[in-house]
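Before any comments, here is the structure.
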Amino acid sequence: MARSAGDGQFAVSMFLTPEECALAEKQLSYNFSDSRYAFYGGYPEAERKILVLFPDYADMHDFDASEYFLPLLIKPCGYEKLTHSACLGALMNCSAKRSAIGDIVITDEGAVVFVTKAVAELLLTDRNILTRVGREKVKISIAPADLTENIKREYEEVTFVMSSCRIDCIVSEITGLSREKVKGIILAGEVMRNHESVRDFSERFEVGDIISVRGHGKYIIQALSDTRKGRLRVTALKYR
């Protein structure tokens with residue numbers, strides 16, 4: 001991609017996971033520090049994003065993301081609310097690769113899904129490809145701008161009280177597992193801090209960090225404070 005941008009072309013990836021975005025950014029800063037790039041996911045809090053490297057003559061104002069991916073609205077015909085997993089399964093049953101699908105956001109109108117332009121054109125052209133999500137009949141259309149502009153992630157505020165701000169402490173609180181068992185899931189690569197695997201049990205987290213534990217959710221650390229008994233109170237936002 002860096003070579004393509006150097007040759008005067010926009011270099012555009014497929015949708016990357018948060019972990020892949022962090023890795024790409026690190027590699028660019030280490031090996032291609034002169035590269036100019038940006039990530040696009042369709043809305044400010046998007047998790048899955050495309051990476052764009054700009055040629056010398058262009059910048060982000062010259063890039064039209066709609067040439068590469070589009071937001072679709074999967075609207076149920078009945079009263080059953082769609083789920084993220086059901087929508088993802090339905091899209092992948094249409095032979096769409098996971099990397100061609102960005103975020104899926106459930107709204108009152110239906111599911112807004114960001115997909116590559118090729119997938120969007122296929123679904124919009126052949127109306128028989130995706131007609132159901134689970135047992136619910138659905139209709140596919142371009143998501144209206146007012147819907148995508150107002151997308152916001154939903155969070156649940158949670159509080160933990162623990163002995164210190166070590167990673168193993170908060171993972172134990174999140175999972176309900178003993179510290180000994182927590183060491184096992186950390187060694188298995190199931191714990192991430194700011195989208196990078198944690199390997200050190202004693203690594204410390206701080207305000208603003210994103211902690212994710214596979215199968216147990218993702219949390220943004222909002223505040224740290226001491227309790228009257230000298231323990232640590234952690235306030236976090238859990239992704240819904």
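Chain labels follow the order of the structure tokens: the first chain is A, the next B, and so on; residue numbering restarts at 1 in every chain, and ligands are counted from 1 in their shown order.
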
Extract the full set of strand (DSSP E) residues from segment 123-236 of chain A according to DSSP on the backbone, and format it as JSON, numbers by chain.
{"A": [132, 133, 136, 137, 138, 139, 140, 141, 142, 155, 156, 157, 158, 159, 160, 161, 162, 191, 192, 193, 196, 197, 210, 211, 212, 213, 217, 218, 219, 220, 221, 222, 223, 224, 225, 226, 232, 233, 234, 235, 236]}

Take the residues just selected and output them with N, CA and C atoms as a compact mmCIF listing (two decimals), in the first residue's frame.
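Writing the result to selection26.txt gives the following:
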```
# COMPACT_ATOMS: atom_id res chain seq x y z
N ARG A 132 -33.86 -12.53 4.01
CA ARG A 132 -34.18 -12.86 5.39
C ARG A 132 -32.95 -12.73 6.28
N VAL A 133 -33.19 -12.30 7.49
CA VAL A 133 -32.18 -12.37 8.55
C VAL A 133 -32.81 -13.21 9.64
N GLU A 136 -36.78 -13.48 9.99
CA GLU A 136 -37.41 -12.21 9.67
C GLU A 136 -37.15 -11.79 8.23
N LYS A 137 -38.23 -11.47 7.50
CA LYS A 137 -38.07 -10.93 6.16
C LYS A 137 -37.51 -9.52 6.26
N VAL A 138 -36.61 -9.19 5.31
CA VAL A 138 -35.97 -7.87 5.37
C VAL A 138 -35.93 -7.24 3.98
N LYS A 139 -35.75 -5.92 3.98
CA LYS A 139 -35.53 -5.17 2.76
C LYS A 139 -34.20 -4.42 2.88
N ILE A 140 -33.49 -4.31 1.75
CA ILE A 140 -32.18 -3.67 1.74
C ILE A 140 -32.26 -2.36 0.97
N SER A 141 -31.67 -1.31 1.53
CA SER A 141 -31.61 -0.01 0.85
C SER A 141 -30.39 0.74 1.34
N ILE A 142 -30.05 1.83 0.65
CA ILE A 142 -28.98 2.69 1.13
C ILE A 142 -29.47 3.37 2.41
N TYR A 155 -23.33 2.46 25.72
CA TYR A 155 -22.48 1.91 26.77
C TYR A 155 -23.28 1.73 28.06
N GLU A 156 -22.77 0.86 28.88
CA GLU A 156 -23.33 0.68 30.23
C GLU A 156 -22.23 1.00 31.23
N GLU A 157 -22.52 1.91 32.16
CA GLU A 157 -21.50 2.26 33.15
C GLU A 157 -21.43 1.20 34.23
N VAL A 158 -20.22 0.75 34.52
CA VAL A 158 -20.02 -0.28 35.55
C VAL A 158 -18.90 0.19 36.48
N THR A 159 -18.91 -0.35 37.69
CA THR A 159 -17.89 0.00 38.68
C THR A 159 -17.30 -1.27 39.29
N PHE A 160 -15.98 -1.29 39.41
CA PHE A 160 -15.28 -2.39 40.06
C PHE A 160 -14.48 -1.82 41.22
N VAL A 161 -14.38 -2.59 42.30
CA VAL A 161 -13.51 -2.22 43.41
C VAL A 161 -12.47 -3.33 43.55
N MET A 162 -11.19 -2.94 43.49
CA MET A 162 -10.13 -3.95 43.49
C MET A 162 -8.91 -3.42 44.23
N VAL A 191 -6.75 -11.42 26.16
CA VAL A 191 -6.92 -10.11 26.79
C VAL A 191 -6.17 -9.06 25.98
N MET A 192 -6.85 -7.96 25.69
CA MET A 192 -6.25 -6.87 24.92
C MET A 192 -6.31 -5.57 25.71
N ARG A 193 -5.27 -4.79 25.60
CA ARG A 193 -5.25 -3.42 26.13
C ARG A 193 -4.94 -2.49 24.97
N GLU A 196 -4.02 -4.30 21.72
CA GLU A 196 -2.81 -5.10 21.64
C GLU A 196 -2.85 -6.16 22.73
N SER A 197 -2.37 -7.36 22.40
CA SER A 197 -2.39 -8.46 23.37
C SER A 197 -1.55 -8.13 24.59
N ILE A 210 -8.62 0.99 26.71
CA ILE A 210 -9.69 0.09 26.30
C ILE A 210 -9.24 -1.33 26.64
N ILE A 211 -9.97 -1.98 27.51
CA ILE A 211 -9.65 -3.35 27.92
C ILE A 211 -10.70 -4.28 27.36
N SER A 212 -10.27 -5.30 26.63
CA SER A 212 -11.23 -6.27 26.11
C SER A 212 -10.80 -7.69 26.50
N VAL A 213 -11.78 -8.50 26.84
CA VAL A 213 -11.55 -9.88 27.23
C VAL A 213 -12.46 -10.74 26.35
N GLY A 217 -16.54 -9.16 26.83
CA GLY A 217 -16.83 -7.78 26.52
C GLY A 217 -15.63 -6.85 26.47
N LYS A 218 -15.94 -5.58 26.23
CA LYS A 218 -14.93 -4.55 26.05
C LYS A 218 -15.30 -3.35 26.92
N TYR A 219 -14.30 -2.74 27.54
CA TYR A 219 -14.53 -1.67 28.51
C TYR A 219 -13.58 -0.50 28.26
N ILE A 220 -14.10 0.72 28.42
CA ILE A 220 -13.26 1.92 28.40
C ILE A 220 -13.12 2.40 29.84
N ILE A 221 -11.89 2.54 30.30
CA ILE A 221 -11.66 3.00 31.66
C ILE A 221 -11.94 4.51 31.73
N GLN A 222 -12.89 4.88 32.57
CA GLN A 222 -13.32 6.27 32.67
C GLN A 222 -12.70 7.02 33.84
N ALA A 223 -12.57 6.37 34.97
CA ALA A 223 -12.05 7.06 36.16
C ALA A 223 -11.46 6.05 37.14
N LEU A 224 -10.46 6.51 37.88
CA LEU A 224 -9.84 5.74 38.95
C LEU A 224 -9.86 6.59 40.21
N SER A 225 -10.27 6.01 41.33
CA SER A 225 -10.31 6.76 42.58
C SER A 225 -10.13 5.79 43.75
N ASP A 226 -9.76 6.34 44.88
CA ASP A 226 -9.55 5.52 46.08
C ASP A 226 -10.83 5.45 46.90
N LEU A 232 -9.08 0.44 45.29
CA LEU A 232 -9.20 1.20 44.06
C LEU A 232 -10.59 1.03 43.45
N ARG A 233 -11.26 2.14 43.21
CA ARG A 233 -12.55 2.11 42.53
C ARG A 233 -12.33 2.44 41.05
N VAL A 234 -12.78 1.55 40.17
CA VAL A 234 -12.63 1.74 38.73
C VAL A 234 -14.01 1.93 38.11
N THR A 235 -14.19 3.04 37.43
CA THR A 235 -15.43 3.29 36.69
C THR A 235 -15.13 3.09 35.21
N ALA A 236 -15.95 2.28 34.55
CA ALA A 236 -15.71 1.97 33.15
C ALA A 236 -17.02 1.98 32.37
```

If you count only C-alpha atoms, which residues fall within 10 Å of segment 60-77 of chain A, apart from same-chain ones fewer than 4 positions away, as number ranges by chain?
A: 10, 12-15, 36-42, 50, 52-54, 81-82, 87, 100-121, 123-124, 130-133, 136-145, 147-148

Could you please take those selected residues and save C-alpha atoms as a short mmCIF file (atom, residue, chain, number, x, y, z; two decimals), in the first residue's frame?
```
data_model
loop_
_atom_site.label_atom_id
_atom_site.label_comp_id
_atom_site.auth_asym_id
_atom_site.auth_seq_id
_atom_site.Cartn_x
_atom_site.Cartn_y
_atom_site.Cartn_z
CA PHE A 10 -4.80 6.04 -3.36
CA VAL A 12 -7.18 1.42 0.19
CA SER A 13 -7.49 -1.68 2.39
CA MET A 14 -10.48 -3.83 3.16
CA PHE A 15 -12.12 -3.40 6.58
CA ARG A 36 0.08 10.17 5.10
CA TYR A 37 -2.90 8.04 5.98
CA ALA A 38 -6.33 7.94 7.61
CA PHE A 39 -8.86 5.38 8.82
CA TYR A 40 -12.52 5.49 7.78
CA GLY A 41 -15.37 3.50 9.28
CA GLY A 42 -18.47 5.48 8.37
CA ILE A 50 -10.55 0.88 6.07
CA VAL A 52 -6.26 4.81 3.20
CA LEU A 53 -2.75 5.91 2.24
CA PHE A 54 -2.66 9.15 0.27
CA LYS A 81 -35.59 -6.70 16.25
CA LEU A 82 -32.50 -7.70 14.32
CA CYS A 87 -27.09 -9.85 10.36
CA ALA A 100 -15.80 -6.74 3.21
CA ILE A 101 -18.09 -5.97 6.16
CA GLY A 102 -17.48 -3.12 8.58
CA ASP A 103 -19.49 -2.25 11.65
CA ILE A 104 -23.07 -3.44 12.08
CA VAL A 105 -25.13 -1.04 14.19
CA ILE A 106 -28.63 -1.93 15.41
CA THR A 107 -31.02 1.05 15.36
CA ASP A 108 -34.76 1.53 15.77
CA GLU A 109 -35.06 1.55 11.96
CA GLY A 110 -33.17 -1.69 11.47
CA ALA A 111 -29.50 -2.63 11.10
CA VAL A 112 -27.07 -0.21 9.50
CA VAL A 113 -24.19 -2.16 8.00
CA PHE A 114 -21.12 -0.73 6.31
CA VAL A 115 -19.96 -2.88 3.39
CA THR A 116 -17.58 -2.53 0.47
CA LYS A 117 -19.08 -0.97 -2.62
CA ALA A 118 -18.95 -4.28 -4.50
CA VAL A 119 -21.03 -6.03 -1.82
CA ALA A 120 -23.45 -3.10 -1.63
CA GLU A 121 -24.01 -3.09 -5.38
CA LEU A 123 -27.19 -6.67 -2.60
CA LEU A 124 -28.96 -3.67 -4.11
CA LEU A 130 -30.62 -11.30 0.99
CA THR A 131 -34.32 -11.55 1.82
CA ARG A 132 -34.18 -12.86 5.39
CA VAL A 133 -32.18 -12.37 8.55
CA GLU A 136 -37.41 -12.21 9.67
CA LYS A 137 -38.07 -10.93 6.16
CA VAL A 138 -35.97 -7.87 5.37
CA LYS A 139 -35.53 -5.17 2.76
CA ILE A 140 -32.18 -3.67 1.74
CA SER A 141 -31.61 -0.01 0.85
CA ILE A 142 -28.98 2.69 1.13
CA ALA A 143 -29.05 3.99 4.70
CA PRO A 144 -30.30 7.61 4.80
CA ALA A 145 -27.73 10.22 5.78
CA LEU A 147 -29.54 7.85 10.21
CA THR A 148 -25.79 7.34 9.74
#
```

Per residue of segment 128-169 of chain A within 10 Å of segment 181-190 of chain A, which atom pair is closest and at what distance in Å (one decimal), using only C-alpha atoms, listed by chain and increasing number, as a tab-separated table?
```
residue	atom	partner	partner_atom	distance
A:Ile167	CA	A:Ile186	CA	9.2
A:Asp168	CA	A:Val182	CA	6.4
A:Cys169	CA	A:Val182	CA	8.6
```

Take the residues from that selection and write them out as an mmCIF file, in the first residue's frame, keeping N, CA and C atoms.
```cif
data_model
loop_
_atom_site.group_PDB
_atom_site.id
_atom_site.type_symbol
_atom_site.label_atom_id
_atom_site.label_comp_id
_atom_site.auth_asym_id
_atom_site.auth_seq_id
_atom_site.Cartn_x
_atom_site.Cartn_y
_atom_site.Cartn_z
ATOM 1 N N ILE A 167 -3.594 -5.386 35.291
ATOM 2 C CA ILE A 167 -4.459 -6.026 34.298
ATOM 3 C C ILE A 167 -5.118 -7.271 34.866
ATOM 4 N N ASP A 168 -4.362 -8.105 35.580
ATOM 5 C CA ASP A 168 -4.964 -9.346 36.077
ATOM 6 C C ASP A 168 -6.080 -9.074 37.080
ATOM 7 N N CYS A 169 -5.973 -7.946 37.803
ATOM 8 C CA CYS A 169 -7.027 -7.605 38.767
ATOM 9 C C CYS A 169 -8.340 -7.284 38.053
#
```

In terms of the shortest atom-to-atom distance over only C-alpha atoms, which of A:Arg166, A:Arg240, A:His84, A:His216 is closest to Arg204 of chain A?
A:Arg166

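For the residues A:Ala5, A:Asp56, A:Thr125, A:His195, ranking by smallest atom-to-atom distance to Ala24 of chain A using only C-alpha atoms places A:His195 first.
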
Among segment 6-126 of chain A, which residues carry a DSSP assignment of helix (DSSP H, G or I), reported as a VMD selection string?
chain A and resid 6 18 to 31 60 to 62 65 to 67 84 to 92 98 to 100 117 to 125

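Shortest separation to Ala90 of chain A among A:Arg135, A:Arg48, A:Arg153, A:Arg214 occurs at residue A:Arg135, atoms counted being only C-alpha atoms.
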
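In this model, the gap between atom CA of Glu173 of chain A and atom CA of Val207 of chain A comes to 16.9 Å.
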
Considering only C-alpha atoms, return as a tab-separated table (two decimals) with N, CA and C atoms, in the first residue's frame whatever protein or nucleic-acid residues lie within 8 Å of Lys152 of chain A, sequence-local ones (same chain, fewer than 2 positions apart) excluded.
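As written to disk, result-v6.tsv reads:
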```tsv
chain	number	residue	atom	x	y	z
A	45	GLU	N	-17.25	6.66	15.92
A	45	GLU	CA	-16.87	5.62	16.88
A	45	GLU	C	-16.75	4.24	16.24
A	150	ASN	N	-26.29	10.13	12.89
A	150	ASN	CA	-26.67	10.12	14.30
A	150	ASN	C	-26.32	8.82	15.02
A	154	GLU	N	-23.67	2.63	22.22
A	154	GLU	CA	-24.31	2.60	23.53
A	154	GLU	C	-23.40	1.89	24.53
```

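Atom CA of Leu51 of chain A is found 16.4 Å from atom CA of Tyr30 of chain A.
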